[in-house]
Every structure is written in structure tokens, then in C-alpha cells.
Amino acid sequence: MIFTNEYQQQRLKKVETLKELGLNPYDNKSTKDSKIIQFLNKNEDIKDIENLRDESRSFRVAGRIKFFRLMGKASFLKIEDESGILQIYLARDNLPDEFYNNIKKLIEVGDIIEVEGFPFVTKHGELSLNVRELKVLTKAINSLPEKYHGITDKELRYRQRYLDLIMNSDVKEVFKTRSKIVSLIRRFFEDREFLEVETPMMHEIAGGANARPFITHHNALGIDRYLRIAPELYLKRLIVGGFEAVFEINRNFRNEGMDATHNPEFTMIEFYWAYKDYKDLMKITEDLFDNLFENLSLNKILTYDDMEVDFNTPFSKISYVDALVDIGKIDRNIATNKEKAIEFLKTRGLVPKGKITLGSLQADLFDNFVEEKLINPTFITDFPIDISPLARRSDDNPEIADRFELFVAGREIANGFSELNDPIDQYGRFKGQIEAKEAGDDEAHHMDEDYVNALGFGMAPTAGEGIGIDRLVMLLTNQHTIRDVILFPAMKPKIDTN
């Protein structure tokens, strides 16, 4: 039995007493006809009625008891549903004989009840419901934390999100906003004639991004499968097949560390657009942000943590190397020379790992000296080709890719590029990734011969982009850890101290 402490045992006795009185403590028949917000809106005029009440009106609402003050022959309670909080008034003389005397001893904070009554205004001016009928819908066994102390243990909030949601209305609002953001993104792309699709979650080959995969086993086939790290290669197969604009909003899985911006499973939108290039992607990304800010009624100057972020479009654009020089304050001769870059990194205690190329060194420089300084939305363009294995080479410079990443408040939010549709070049890039993997890069791509074969049938000029939904929600709701925008974040196993 898990309900063993003194307070739980007391509540269990009340469960039995309710049953003895013929009252089901877990009733499944609710006939509520109004949400609390509807009751409050429909009865705002009661404050203008002479006697501040209207017994001809009847409303049936339900919610969790969040406050209970017993005053002998009458009691005030506050109940909460998803839409708001309502004060209700229980009086002995308004209820069936002996019902009040019994029920006041059997209900408490945390229980879910349904009440029917009429609207009135208290002497303190609060619109309330005078109860004529009360039914217990759910008797809670666990006590809620004290209202004014709440849940002080952050780990408990994440492990028991249901309790976090009960106690913190602000948390509910964050997740309502998250849902609205996802809905707005979906509508934005549908309005532009993108087709929403679903692609496999279990892949034969881990590909589509540089990341370490989770591995599972398919018993019937007797083979290992990888939880997808990105849907990219499947979505581009759809472009080969003739779809011209597709998107997918779904989970990706990466077997890597957890911190303020990383969770092993996370949500992204990826979209692919035939007959467009990476410059078109930057414009549609700006349009998406404009759309979100308008529909969420957000100020374009948004506070995030202790930063003011200016989301007015167009966003800034700067090339990768120029960002190293102008923002990272790294000498251009160091930023563009392999040997000098290695020496520079070593003098700062940053030892390059894996297969060392100029592009990988530039990435080390960028991560350590540029990224956190990118506060206002900034497109970093012209990525090194050797860290862009799926992106198209620039026609002007084969050492860089037609690629960008969008950074906001010191974090990457989006990654997009003109897609590589040359099967021979793609095959060579995959071979280079295999060499990187053999040199110790656990996040390098695998060879995907079927994808190369698909490109052999011809893929139209295409641009594709991925946007991290979780990080986007963090920005737009001013949350500082990804755990605060994921309902059930990954947690270390709880250690049993017994």
C-alpha cells in the first residue's frame, strides 16, 4: 500500500464514510453546464442588481477545492477548473437536512466537487455562487502543498508535473501558450500550401543530423533500429517523389547530455520547399516570427532573462567567418588558417577532437567566442562545407555551403540550407562522414545508400529548414530551461534511500 502516512489514512477513512452515507467518492456522472469563466462572465451584471443576487439563475460548475474556510453554519470555498477560480458559499439551511453537517467533515482542499447554485455578490464585492446542491466527484488521498509555499523543490515539479500544474496556474499558461504556438505554426504552413506528413520514428540508418542516436531492437526482424535524430532524409525523399512543400512537427531523439537547452527527446518542425533556396527560407522564417508575434499579441521588443531582444524584421545577417572576426574578435588570419586556429584554441585550453578540418576548427571558435553574443535574431550564413554534409555548395565558393543558422538570445533556434541534390557529391560527403566517425566523431552521419539512390532519380532544387519548438517556446514565454516547456522532461532515476 502506498498511502501509509497519517494524513492519507485520515482521508481514506473519509472515503469509507462517504460510501457508508451512500455518496460515491469517485462518481463518474458529472452534469456540469458551465466553466468557471463562463459563470463569471455571464453574471457580471449581478453587481448592478439591487439585492446583489438572482436566485432565478442556475449554474452547475465543477472544480478542485483550493481553499476551505469553515464557519460553523456556513463555509466559504474556492474551487478551480481549467478556466479560473470561483468562490462558493455553503450554508446549512440551503442544503438537505444534515447534509451540511456531514459533508463539511468529509471534504477538504484537493477534492474535486460539483456544485449547483445561483450567483450573488458578497459584502466584500466578490461574485460568488451560493450552493443549493453539492456532489463529491473525486476524493483526493494526497494533501496538496500549502498555498503560500507551493512546490519549492524544482525536481519534484518536473517529476510530478501533475502536482506542478495543480499548484501553479502560471505553469498551465506556459503550456497553453506552447500548444497555441504549435497550432499557429501548423496553420502558417498550411496557409502556404505545405502538406503535413508523418515519417518513420525508427530508422534503419541514423541520419539527418550530427548526433548520437538511441538504439533499439526489432524482435520480429531480428535487427537494430535507431530512434530518429531527424526526419530530414525521409522528408527529402518525398520531394524526390513529387511533393513540392512538406512539413512535419514531431519528436526527435538524441542520445546526448541534458542541460538548460537539451532534452534527449524534443520537438521540431522541419519543412522542405521545392524550387526555393536558403534565402527564401530566411524570408519565410521572418514571416513566421511576424505571424507568431501578431497572433500571440507580443511586443516585438521582448524580455528574455536579463536581455532585451528585438524581433523586428528583417533580422540581421552575417557570414560565418565575418561573425568570428567582427563578433568573436578573432583575427581573420586565425579564423581562416588551420594551423593558426589550432594553436589559438590550444592557448585557451580548447583542444580540438575528432577529424580536424578548418571547418571543424571554425565551429569550435564559433561555439566558444560568438554564439552567446548573438542576442537579437541573427542569421549566420556561409557555413563551412565540411560541417554541412547535407547542404548544397555555394556556386561562388565550393568551400562554403548555402546554409544559415538563426541565433536568438545566444542560442540556435533554426538551421536551414539549400539542399544538396547532386547524388555523386552527396555520396562523397557521406564517405567523408564515415572517415570522421572512424576518427572518433560519434555524431558523424552514417552512409545512406538508399538516400543517394533516391537522389539518383532527381530531386528538384529544394530548400529545407528545422526549427526547435522547445527553444522557441522558451523564448516566447521567457522560460530559462527546456524542462519548463516540456510537460514531462527526462529525469535521472530517483534514488531509493530506504
# chains A, B, ... in the order shown; residues from 1 in each chain; ligands from 1
>>> closest_atom_pairs(of="segment 198-297 of chain A", to="segment 185-189 of chain A", cutoff="8 Å", atoms="only C-alpha atoms", output="CSV")
residue,atom,partner,partner_atom,distance
A:Phe247,CA,A:Phe189,CA,7.8
A:Leu288,CA,A:Phe188,CA,7.1
A:Asn291,CA,A:Phe188,CA,7.7
A:Leu292,CA,A:Ile185,CA,7.7
>>> closest_residue(among="A:Leu137, A:Ala91, A:Leu195, A:Leu70", to="Glu270 of chain A", atoms="only C-alpha atoms")
A:Leu195
>>> residues_around(residues="segment 102-113 of chain A", least_positions_apart="5", cutoff="8 Å", atoms="only C-alpha atoms", output="ChimeraX atom specification")
/A:14,17-18,62-68,70,134-140,142-144
>>> residues_around(residues="Arg254 of chain A", least_positions_apart="6", cutoff="6 Å", atoms="only C-alpha atoms", output="list in words")
Arg212, Pro213, Ile229 and Pro264 of chain A
>>> residues_around(residues="Pro352 of chain A", least_positions_apart="3", cutoff="10 Å", atoms="only C-alpha atoms", output="ChimeraX atom specification")
/A:341-343,345-346,349,355-357,360-361,364
>>> write_last_selection(atoms="C-alpha atoms", output="PDB file, in the first residue's frame")
ATOM      1  CA  ALA A 341      43.319  28.180 -35.410  1.00  0.00           C
ATOM      2  CA  ILE A 342      44.632  25.014 -33.712  1.00  0.00           C
ATOM      3  CA  GLU A 343      47.302  26.990 -31.870  1.00  0.00           C
ATOM      4  CA  LEU A 345      42.378  27.109 -29.437  1.00  0.00           C
ATOM      5  CA  LYS A 346      45.139  25.307 -27.552  1.00  0.00           C
ATOM      6  CA  GLY A 349      42.602  25.293 -23.218  1.00  0.00           C
ATOM      7  CA  LYS A 355      38.778  14.661 -37.538  1.00  0.00           C
ATOM      8  CA  ILE A 356      40.301  18.142 -37.605  1.00  0.00           C
ATOM      9  CA  THR A 357      39.406  20.344 -40.562  1.00  0.00           C
ATOM     10  CA  SER A 360      35.536  21.977 -37.552  1.00  0.00           C
ATOM     11  CA  LEU A 361      38.014  24.420 -36.040  1.00  0.00           C
ATOM     12  CA  ASP A 364      34.952  25.384 -32.191  1.00  0.00           C
TER      13      ASP A 364
END
>>> residues_around(residues="Arg411 of chain A", least_positions_apart="2", cutoff="12 Å", atoms="only C-alpha atoms", output="NGL selection string")
:A and (260-262 or 304 or 366-367 or 370-380 or 405-409 or 413-415 or 467-468 or 470-472 or 474-475 or 480)
>>> select_by_dssp(residues="segment 284-399 of chain A", states="strand (DSSP E)", output="list in words")
Ile301, Leu302, Thr303, Tyr304, Met307, Glu308, Val309, Asp310, Ser316, Lys317, Ile318, Ser319, Thr378, Phe379, Ile380, Thr381, Asp382, Phe383 and Pro384 of chain A
>>> closest_atom_pairs(of="segment 79-196 of chain A", to="segment 233-243 of chain A", cutoff="12 Å", atoms="only C-alpha atoms", output="tab-separated table")
residue	atom	partner	partner_atom	distance
A:Glu193	CA	A:Phe243	CA	10.9
A:Phe194	CA	A:Phe243	CA	9.2
A:Leu195	CA	A:Phe243	CA	8.3
A:Glu196	CA	A:Leu235	CA	10.5
>>> write_last_selection(atoms="C-alpha atoms", output="short mmCIF file (atom, residue, chain, number, x, y, z; two decimals), in the first residue's frame")
data_model
loop_
_atom_site.label_atom_id
_atom_site.label_comp_id
_atom_site.auth_asym_id
_atom_site.auth_seq_id
_atom_site.Cartn_x
_atom_site.Cartn_y
_atom_site.Cartn_z
CA GLU A 193 0.02 25.13 -49.17
CA PHE A 194 2.55 22.98 -47.33
CA LEU A 195 1.41 19.42 -46.75
CA GLU A 196 1.78 17.99 -43.23
#
>>> decode(residues="segment 314-394 of chain A", atoms="C-alpha atoms", output="compact mmCIF listing (two decimals), in the first residue's frame")
# COMPACT_ATOMS: atom_id res chain seq x y z
CA PRO A 314 14.30 41.91 -41.15
CA PHE A 315 16.75 40.08 -38.92
CA SER A 316 20.50 40.72 -39.07
CA LYS A 317 22.62 38.60 -41.43
CA ILE A 318 26.36 37.97 -41.21
CA SER A 319 28.64 35.35 -42.70
CA TYR A 320 30.28 32.68 -40.55
CA VAL A 321 33.84 33.99 -40.90
CA ASP A 322 32.78 37.63 -40.51
CA ALA A 323 30.99 36.67 -37.30
CA LEU A 324 34.21 35.11 -35.98
CA VAL A 325 36.07 38.32 -36.76
CA ASP A 326 33.53 41.05 -36.01
CA ILE A 327 31.64 39.45 -33.11
CA GLY A 328 34.12 36.91 -31.76
CA LYS A 329 37.02 39.39 -32.12
CA ILE A 330 39.25 36.69 -33.63
CA ASP A 331 41.93 37.78 -36.07
CA ARG A 332 40.90 36.90 -39.63
CA ASN A 333 44.26 35.21 -40.23
CA ILE A 334 43.50 32.86 -37.32
CA ALA A 335 39.88 32.31 -38.35
CA THR A 336 40.90 31.25 -41.87
CA ASN A 337 44.08 29.25 -41.20
CA LYS A 338 44.00 25.69 -39.88
CA GLU A 339 47.34 25.69 -38.07
CA LYS A 340 46.83 29.12 -36.52
CA ALA A 341 43.32 28.18 -35.41
CA ILE A 342 44.63 25.01 -33.71
CA GLU A 343 47.30 26.99 -31.87
CA PHE A 344 44.78 29.68 -30.85
CA LEU A 345 42.38 27.11 -29.44
CA LYS A 346 45.14 25.31 -27.55
CA THR A 347 46.30 28.53 -25.89
CA ARG A 348 42.78 28.87 -24.48
CA GLY A 349 42.60 25.29 -23.22
CA LEU A 350 40.36 24.14 -26.07
CA VAL A 351 41.86 21.01 -27.61
CA PRO A 352 40.26 20.06 -30.97
CA LYS A 353 38.91 16.50 -31.15
CA GLY A 354 37.97 14.04 -33.90
CA LYS A 355 38.78 14.66 -37.54
CA ILE A 356 40.30 18.14 -37.61
CA THR A 357 39.41 20.34 -40.56
CA LEU A 358 39.36 24.09 -40.94
CA GLY A 359 35.57 23.97 -40.80
CA SER A 360 35.54 21.98 -37.55
CA LEU A 361 38.01 24.42 -36.04
CA GLN A 362 35.89 27.37 -37.11
CA ALA A 363 32.93 25.64 -35.43
CA ASP A 364 34.95 25.38 -32.19
CA LEU A 365 35.80 29.07 -32.44
CA PHE A 366 32.18 29.98 -33.14
CA ASP A 367 30.80 27.93 -30.25
CA ASN A 368 33.21 29.46 -27.75
CA PHE A 369 33.56 33.06 -28.89
CA VAL A 370 30.48 34.03 -30.91
CA GLU A 371 27.29 32.13 -30.11
CA GLU A 372 26.48 33.56 -26.69
CA LYS A 373 26.92 37.11 -28.02
CA LEU A 374 24.13 36.76 -30.60
CA ILE A 375 21.26 38.34 -28.67
CA ASN A 376 18.98 39.85 -31.31
CA PRO A 377 17.82 37.41 -34.01
CA THR A 378 20.76 36.89 -36.36
CA PHE A 379 21.15 34.70 -39.43
CA ILE A 380 24.68 33.30 -39.61
CA THR A 381 25.32 32.39 -43.27
CA ASP A 382 28.02 30.81 -45.44
CA PHE A 383 28.82 27.84 -43.22
CA PRO A 384 31.98 25.78 -43.83
CA ILE A 385 31.11 22.96 -46.22
CA ASP A 386 32.85 20.29 -44.14
CA ILE A 387 30.40 20.79 -41.24
CA SER A 388 27.42 20.87 -43.62
CA PRO A 389 27.25 17.33 -45.07
CA LEU A 390 23.72 17.67 -46.49
CA ALA A 391 23.86 21.26 -47.74
CA ARG A 392 24.49 22.50 -51.27
CA ARG A 393 27.89 24.01 -52.10
CA SER A 394 27.94 27.67 -52.95
